[in-house]
Each structure stands twice: as C-alpha cells, then as structure tokens.
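K.L.:
Below is the structure I would like to discuss, written out as structure tokens.
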Amino acid sequence: MIASPPLPDEHSMARAAQIVCAGGLVAMPTETVYGLAADATNDTAVAGIFAAKGRPTFNPLISHVADMGMARKLGVFDAAAVALADAFWPGPLTLVLPRHAACPVSLLACAGLDTIAIRIPRHPVAHGLIERVGKPLAAPSANPSGAVSPTTADHVAAGLGTKVGMILDGGPCEIGLESTVVAVTDGTVRLLRPGSVTKSEIEAVAGKLAATADNEDVVSPGMLMSHYAPTSAVRLNAKGAGDNEALLAFGPHVPAHDGPMLNLSPAGDVVEAAANLFAMLRLLDGRAAQGIAVMPIPAHGVGEAINDRLARAAAPRPDAP
C-alpha cells in the first residue's frame, strides 16, 4: 500500500488562502474529488473557474462552506433540508436550496438561478481552507469541463497545469466520486445526481423522494448529458473488448484480453469501483484506437452513481456530427 503524502503545512494553507482572497484559483482535495476553489462571492474569481475549466456557464457551481452558520446565510433550509444536513454533513452530500435573499454568492456561481448548491466537505484540507478564507468557496471538480474528474493532485496538474495558482496535495481522494446532489425546494425532495450517499439512505431521513422529470433544468452540477467524458469513445455493458479496444473490467470473471485492461474491482465491490473509476478511465484514455469497452456494473448502492457517470461518459458529444 502506498502511503499518502503528509497534509499541507500551515505555510502552504496560509498561502493558498491568500491566493483565494486575492481572486485566484486553488485546487483542494475533498473526500469526493479534487475541487477548483475560488471565492464564491467574487464574480471575477468565479468567472476564472469557468475560464480555466472551459465550463458552460449554465452549469451551476457548488458553494462549499465550513458550517451550518455559513450555510444558512446562503440558502433557505426547511425541516427536510435541516434533517439531511444533520444526517450527512460534513460529507459527500450537496443540497440545492432556495437562494437566501441576502446570499452573498455570485449569481454566476448559481448560473443566474434562484437556487444554490451547498455542501460542507469533511476533508480537513478543504475545511481548513474555507475557515481561513472565511467565505464560501465555489469548487467544481478541478479538471477541464466534461473530462474525467481528478482524484489525485497529479490529475489536477495534468489537466489544468498553469491555470491554477496552487495545488494543495491531500493524497488520493477517499471516495473518488462527486457528491450526491439533492434538491429540497417547493416542499419536495428530489435526487438530482446519485453519489456515495445513496437514495435509500436519503429516503431513510427525508421520506420517499419526488420524481425528477426527464427535462429537468440544469440546477446542479452533473446534469449535462455528456459529462465526465474521456477523449476516447466509451462502450457500455461490454462482454469483452475488441482487438482495438481497451477494457475496463469489473469483478473476478474477466474475459481474456491482450490489449490495455484495468479492473475497477477484482472482488466485485462497487465502493472500490467508485474509488477507482475516474483514475482508471484516465489511465485507459487514448490507449486503444476504438476506445474503451466497459463491463457491466451492478446498479445497487453506489453502483447507481457509477452507471450514471458512465452513461454520461458514453453520451454523444455536443460537438459530434
């Protein structure tokens, strides 16, 4: 087992906070994936996130906060939202709530909507940076828009290079999958993006979830159909890989393949597969002429989120003929 690097020291954390306070960008680790953080109340800084990522401006950003006191200044919490926050914060759950009338977050970060996406991360580096800055941090995944999300500091460096002022290295991400996103608006609770906090866990706290329409507006990150996409074409539910394909396998029973191959979880563990998903897609990207063949992943638990990401990775690209 490879040991994680030591957490950034006080000098590095202070420098990162200075960069953010000056309107710059810092990549920070969270328990989900690495985030590209900026002062969420600074329009220019938020625009810098979109520019660095090449991100569509209609895709909202999550505002990361240190505690409920900061969260309540951004969004309107009803009883269901409070219950979910109490159950899962700090942690990998994002709540989309009505925007507070006095919310200081840039409208650009909310894509001009009257809702706001909020999360309290539990990673000590992310939490420490927010506390030092003293403001909410807008922090989408620290990668070019639509590309595979980064789960190590090296992934951030490879994808964004000099577009980020500083990378805080907190080692590999614990979960390796973006946060679950739940909307609590108009008296209803809806699952907008599956993640490691599962639908059944959410319903145990908030009751049965309302249906999400197929034509749901993009009110949270991860709702664009072609997203989380490697450069290579992705073929889902493959029983094997062709001669010119790489194989992303799952489980103990893997077909023979002479080309590039990685196994998300030889033991068939969906949690292990979730942690490996983005890193392995990245490693296989471009390794074979015809793209990446992906074996079926069970849709139970966090497997639902994995299949969601893979479906988006395999979706037709907006610039495809």
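Each chain in the structure tokens gets a letter, A, B and so on, in the order shown; residues start at 1 in every chain, and ligands are counted from 1 in the order they appear.
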Mind checking which residues fall within 8 Å of segment 262-269 of chain A, counting only C-alpha atoms, ignoring those fewer than 6 positions away in the same chain, and posting them as a ChimeraX atom specification?
P.N.:
/A:247-252,276-277,280,284
K.L.:
Residues at most 10 Å from segment 309-311 of chain A, counting only C-alpha atoms, excluding those fewer than 4 positions away in the same chain, as a ChimeraX atom specification?
P.N.:
/A:148,177-178,193-195,222,225-229,234-236,274,277-278,281,294,297,303-305,315-316
K.L.:
Considering only strand (DSSP E) as DSSP defines it on the backbone, what residues of segment 123-260 of chain A qualify? List them as a PDB file with N, CA, C and O atoms, in the first residue's frame.
P.N.:
ATOM      1  N   LEU A 137     -16.566  28.801  -0.717  1.00  0.00           N
ATOM      2  CA  LEU A 137     -15.712  28.562  -1.879  1.00  0.00           C
ATOM      3  C   LEU A 137     -16.503  27.828  -2.950  1.00  0.00           C
ATOM      4  O   LEU A 137     -17.045  26.752  -2.700  1.00  0.00           O
ATOM      5  N   ALA A 138     -16.587  28.420  -4.121  1.00  0.00           N
ATOM      6  CA  ALA A 138     -17.115  27.707  -5.279  1.00  0.00           C
ATOM      7  C   ALA A 138     -16.038  26.737  -5.727  1.00  0.00           C
ATOM      8  O   ALA A 138     -14.891  27.136  -5.922  1.00  0.00           O
ATOM      9  N   MET A 166      -2.361  27.267  -7.283  1.00  0.00           N
ATOM     10  CA  MET A 166      -1.713  26.376  -6.330  1.00  0.00           C
ATOM     11  C   MET A 166      -2.522  25.098  -6.216  1.00  0.00           C
ATOM     12  O   MET A 166      -3.755  25.121  -6.342  1.00  0.00           O
ATOM     13  N   ILE A 167      -1.831  23.988  -6.012  1.00  0.00           N
ATOM     14  CA  ILE A 167      -2.495  22.707  -5.774  1.00  0.00           C
ATOM     15  C   ILE A 167      -2.138  22.233  -4.371  1.00  0.00           C
ATOM     16  O   ILE A 167      -0.966  22.017  -4.068  1.00  0.00           O
ATOM     17  N   THR A 180     -23.317  13.307  -3.930  1.00  0.00           N
ATOM     18  CA  THR A 180     -24.740  13.157  -4.222  1.00  0.00           C
ATOM     19  C   THR A 180     -25.377  14.539  -4.171  1.00  0.00           C
ATOM     20  O   THR A 180     -25.066  15.341  -3.289  1.00  0.00           O
ATOM     21  N   VAL A 181     -26.270  14.841  -5.126  1.00  0.00           N
ATOM     22  CA  VAL A 181     -26.944  16.139  -5.135  1.00  0.00           C
ATOM     23  C   VAL A 181     -28.445  15.931  -4.953  1.00  0.00           C
ATOM     24  O   VAL A 181     -29.073  15.171  -5.709  1.00  0.00           O
ATOM     25  N   VAL A 182     -28.998  16.611  -3.955  1.00  0.00           N
ATOM     26  CA  VAL A 182     -30.419  16.510  -3.633  1.00  0.00           C
ATOM     27  C   VAL A 182     -31.012  17.915  -3.603  1.00  0.00           C
ATOM     28  O   VAL A 182     -30.455  18.813  -2.959  1.00  0.00           O
ATOM     29  N   ALA A 183     -32.113  18.113  -4.315  1.00  0.00           N
ATOM     30  CA  ALA A 183     -32.822  19.392  -4.284  1.00  0.00           C
ATOM     31  C   ALA A 183     -33.925  19.331  -3.237  1.00  0.00           C
ATOM     32  O   ALA A 183     -34.700  18.366  -3.200  1.00  0.00           O
ATOM     33  N   VAL A 184     -33.979  20.349  -2.385  1.00  0.00           N
ATOM     34  CA  VAL A 184     -35.050  20.479  -1.398  1.00  0.00           C
ATOM     35  C   VAL A 184     -35.715  21.827  -1.652  1.00  0.00           C
ATOM     36  O   VAL A 184     -35.320  22.866  -1.128  1.00  0.00           O
ATOM     37  N   THR A 185     -36.701  21.808  -2.530  1.00  0.00           N
ATOM     38  CA  THR A 185     -37.375  23.042  -2.961  1.00  0.00           C
ATOM     39  C   THR A 185     -38.865  22.787  -3.123  1.00  0.00           C
ATOM     40  O   THR A 185     -39.288  21.665  -3.427  1.00  0.00           O
ATOM     41  N   THR A 188     -40.598  19.677  -1.756  1.00  0.00           N
ATOM     42  CA  THR A 188     -40.284  18.340  -2.245  1.00  0.00           C
ATOM     43  C   THR A 188     -38.782  18.078  -2.147  1.00  0.00           C
ATOM     44  O   THR A 188     -37.971  19.008  -2.111  1.00  0.00           O
ATOM     45  N   VAL A 189     -38.434  16.791  -2.106  1.00  0.00           N
ATOM     46  CA  VAL A 189     -37.035  16.368  -2.071  1.00  0.00           C
ATOM     47  C   VAL A 189     -36.790  15.497  -3.299  1.00  0.00           C
ATOM     48  O   VAL A 189     -37.490  14.491  -3.501  1.00  0.00           O
ATOM     49  N   ARG A 190     -35.833  15.884  -4.133  1.00  0.00           N
ATOM     50  CA  ARG A 190     -35.563  15.158  -5.380  1.00  0.00           C
ATOM     51  C   ARG A 190     -34.075  14.839  -5.469  1.00  0.00           C
ATOM     52  O   ARG A 190     -33.229  15.674  -5.139  1.00  0.00           O
ATOM     53  N   LEU A 191     -33.770  13.659  -5.980  1.00  0.00           N
ATOM     54  CA  LEU A 191     -32.388  13.264  -6.234  1.00  0.00           C
ATOM     55  C   LEU A 191     -31.998  13.748  -7.626  1.00  0.00           C
ATOM     56  O   LEU A 191     -32.572  13.311  -8.619  1.00  0.00           O
ATOM     57  N   LEU A 192     -31.018  14.651  -7.695  1.00  0.00           N
ATOM     58  CA  LEU A 192     -30.574  15.190  -8.976  1.00  0.00           C
ATOM     59  C   LEU A 192     -29.340  14.493  -9.517  1.00  0.00           C
ATOM     60  O   LEU A 192     -29.157  14.414 -10.733  1.00  0.00           O
ATOM     61  N   ARG A 193     -28.469  14.036  -8.619  1.00  0.00           N
ATOM     62  CA  ARG A 193     -27.271  13.323  -9.056  1.00  0.00           C
ATOM     63  C   ARG A 193     -26.928  12.265  -8.020  1.00  0.00           C
ATOM     64  O   ARG A 193     -26.715  12.594  -6.857  1.00  0.00           O
ATOM     65  N   VAL A 234     -16.608   5.536 -25.411  1.00  0.00           N
ATOM     66  CA  VAL A 234     -16.890   4.586 -24.340  1.00  0.00           C
ATOM     67  C   VAL A 234     -18.052   3.691 -24.763  1.00  0.00           C
ATOM     68  O   VAL A 234     -19.109   4.180 -25.170  1.00  0.00           O
ATOM     69  N   ARG A 235     -17.868   2.367 -24.669  1.00  0.00           N
ATOM     70  CA  ARG A 235     -18.910   1.381 -24.996  1.00  0.00           C
ATOM     71  C   ARG A 235     -19.300   0.660 -23.712  1.00  0.00           C
ATOM     72  O   ARG A 235     -18.458   0.040 -23.059  1.00  0.00           O
ATOM     73  N   ALA A 246      -9.581  -0.817 -25.390  1.00  0.00           N
ATOM     74  CA  ALA A 246      -9.132  -1.057 -24.021  1.00  0.00           C
ATOM     75  C   ALA A 246     -10.319  -1.602 -23.234  1.00  0.00           C
ATOM     76  O   ALA A 246     -11.474  -1.335 -23.572  1.00  0.00           O
ATOM     77  N   LEU A 247     -10.049  -2.370 -22.197  1.00  0.00           N
ATOM     78  CA  LEU A 247     -11.118  -2.968 -21.404  1.00  0.00           C
ATOM     79  C   LEU A 247     -11.081  -2.434 -19.980  1.00  0.00           C
ATOM     80  O   LEU A 247     -10.060  -2.522 -19.292  1.00  0.00           O
ATOM     81  N   LEU A 248     -12.204  -1.873 -19.540  1.00  0.00           N
ATOM     82  CA  LEU A 248     -12.393  -1.500 -18.149  1.00  0.00           C
ATOM     83  C   LEU A 248     -13.265  -2.591 -17.533  1.00  0.00           C
ATOM     84  O   LEU A 248     -14.470  -2.658 -17.787  1.00  0.00           O
ATOM     85  N   ALA A 249     -12.635  -3.456 -16.773  1.00  0.00           N
ATOM     86  CA  ALA A 249     -13.299  -4.656 -16.271  1.00  0.00           C
ATOM     87  C   ALA A 249     -13.893  -4.424 -14.884  1.00  0.00           C
ATOM     88  O   ALA A 249     -13.611  -3.418 -14.220  1.00  0.00           O
TER      89      ALA A 249
END
K.L.:
Go through segment 103-298 of chain A and collect every residue that DSSP, computed from the backbone, puts in helix (DSSP H, G or I); the answer should be as a PyMOL selection string.
P.N.:
chain A and resi 124-133+153-163+199-206+270-284
K.L.:
Of the residues A:Val46, A:Leu61, A:Pro29, A:Leu84, which is the one nearest to Ala204 of chain A, using only C-alpha atoms?
P.N.:
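Using only C-alpha atoms, the shortest distance to Ala204 of chain A belongs to A:Leu84.
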K.L.:
Which polymer residues have any atom within 9 Å of an atom of segment 97-108 of chain A, counting only C-alpha atoms, with same-chain residues fewer than 4 positions away left out, as a PyMOL selection string?
P.N.:
chain A and resi 39-43+46-47+57-58+60-61+63+72-78+81+112-118+136+138+182-186
K.L.:
Of the residues A:Val197, A:Ala37, A:Ala16, A:Ile130, which is the one nearest to Leu95 of chain A, using only C-alpha atoms?
P.N.:
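Among A:Val197, A:Ala37, A:Ala16, A:Ile130, it is A:Val197 that comes nearest to Leu95 of chain A.
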K.L.:
Could you check which of A:Ala79, A:Ala17, A:Met261, A:Ala157 is closest to Glu131 of chain A, using only C-alpha atoms?
P.N.:
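So, comparing all the options, the nearest one is A:Ala17.
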K.L.:
Using only C-alpha atoms, determine which residues lie at most 10 Å from His257 of chain A, disregarding the query and same-chain residues fewer than 5 positions distant; provide the list as number ranges by chain.
P.N.:
A: 240-243, 245-247
K.L.:
Got a sec: who's within 6 Å of segment 120-129 of chain A, counting only C-alpha atoms, leaving out chain neighbours fewer than 4 positions off, as a PDB file with C-alpha atoms, in the first residue's frame?
P.N.:
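part-v4.pdb written:
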ATOM      1  CA  MET A  28      -8.044  21.485  -2.978  1.00  0.00           C
ATOM      2  CA  THR A  30     -12.098  16.823  -0.733  1.00  0.00           C
ATOM      3  CA  GLU A  31     -13.345  13.396   0.270  1.00  0.00           C
ATOM      4  CA  HIS A  64     -18.545  24.806  -0.090  1.00  0.00           C
ATOM      5  CA  VAL A  65     -18.952  26.128   3.447  1.00  0.00           C
ATOM      6  CA  ALA A  66     -17.423  25.455   6.848  1.00  0.00           C
ATOM      7  CA  TRP A  89     -22.839  16.997   6.851  1.00  0.00           C
ATOM      8  CA  PRO A  90     -19.930  17.290   6.832  1.00  0.00           C
ATOM      9  CA  GLY A  91     -19.779  14.796   3.991  1.00  0.00           C
TER      10      GLY A  91
END
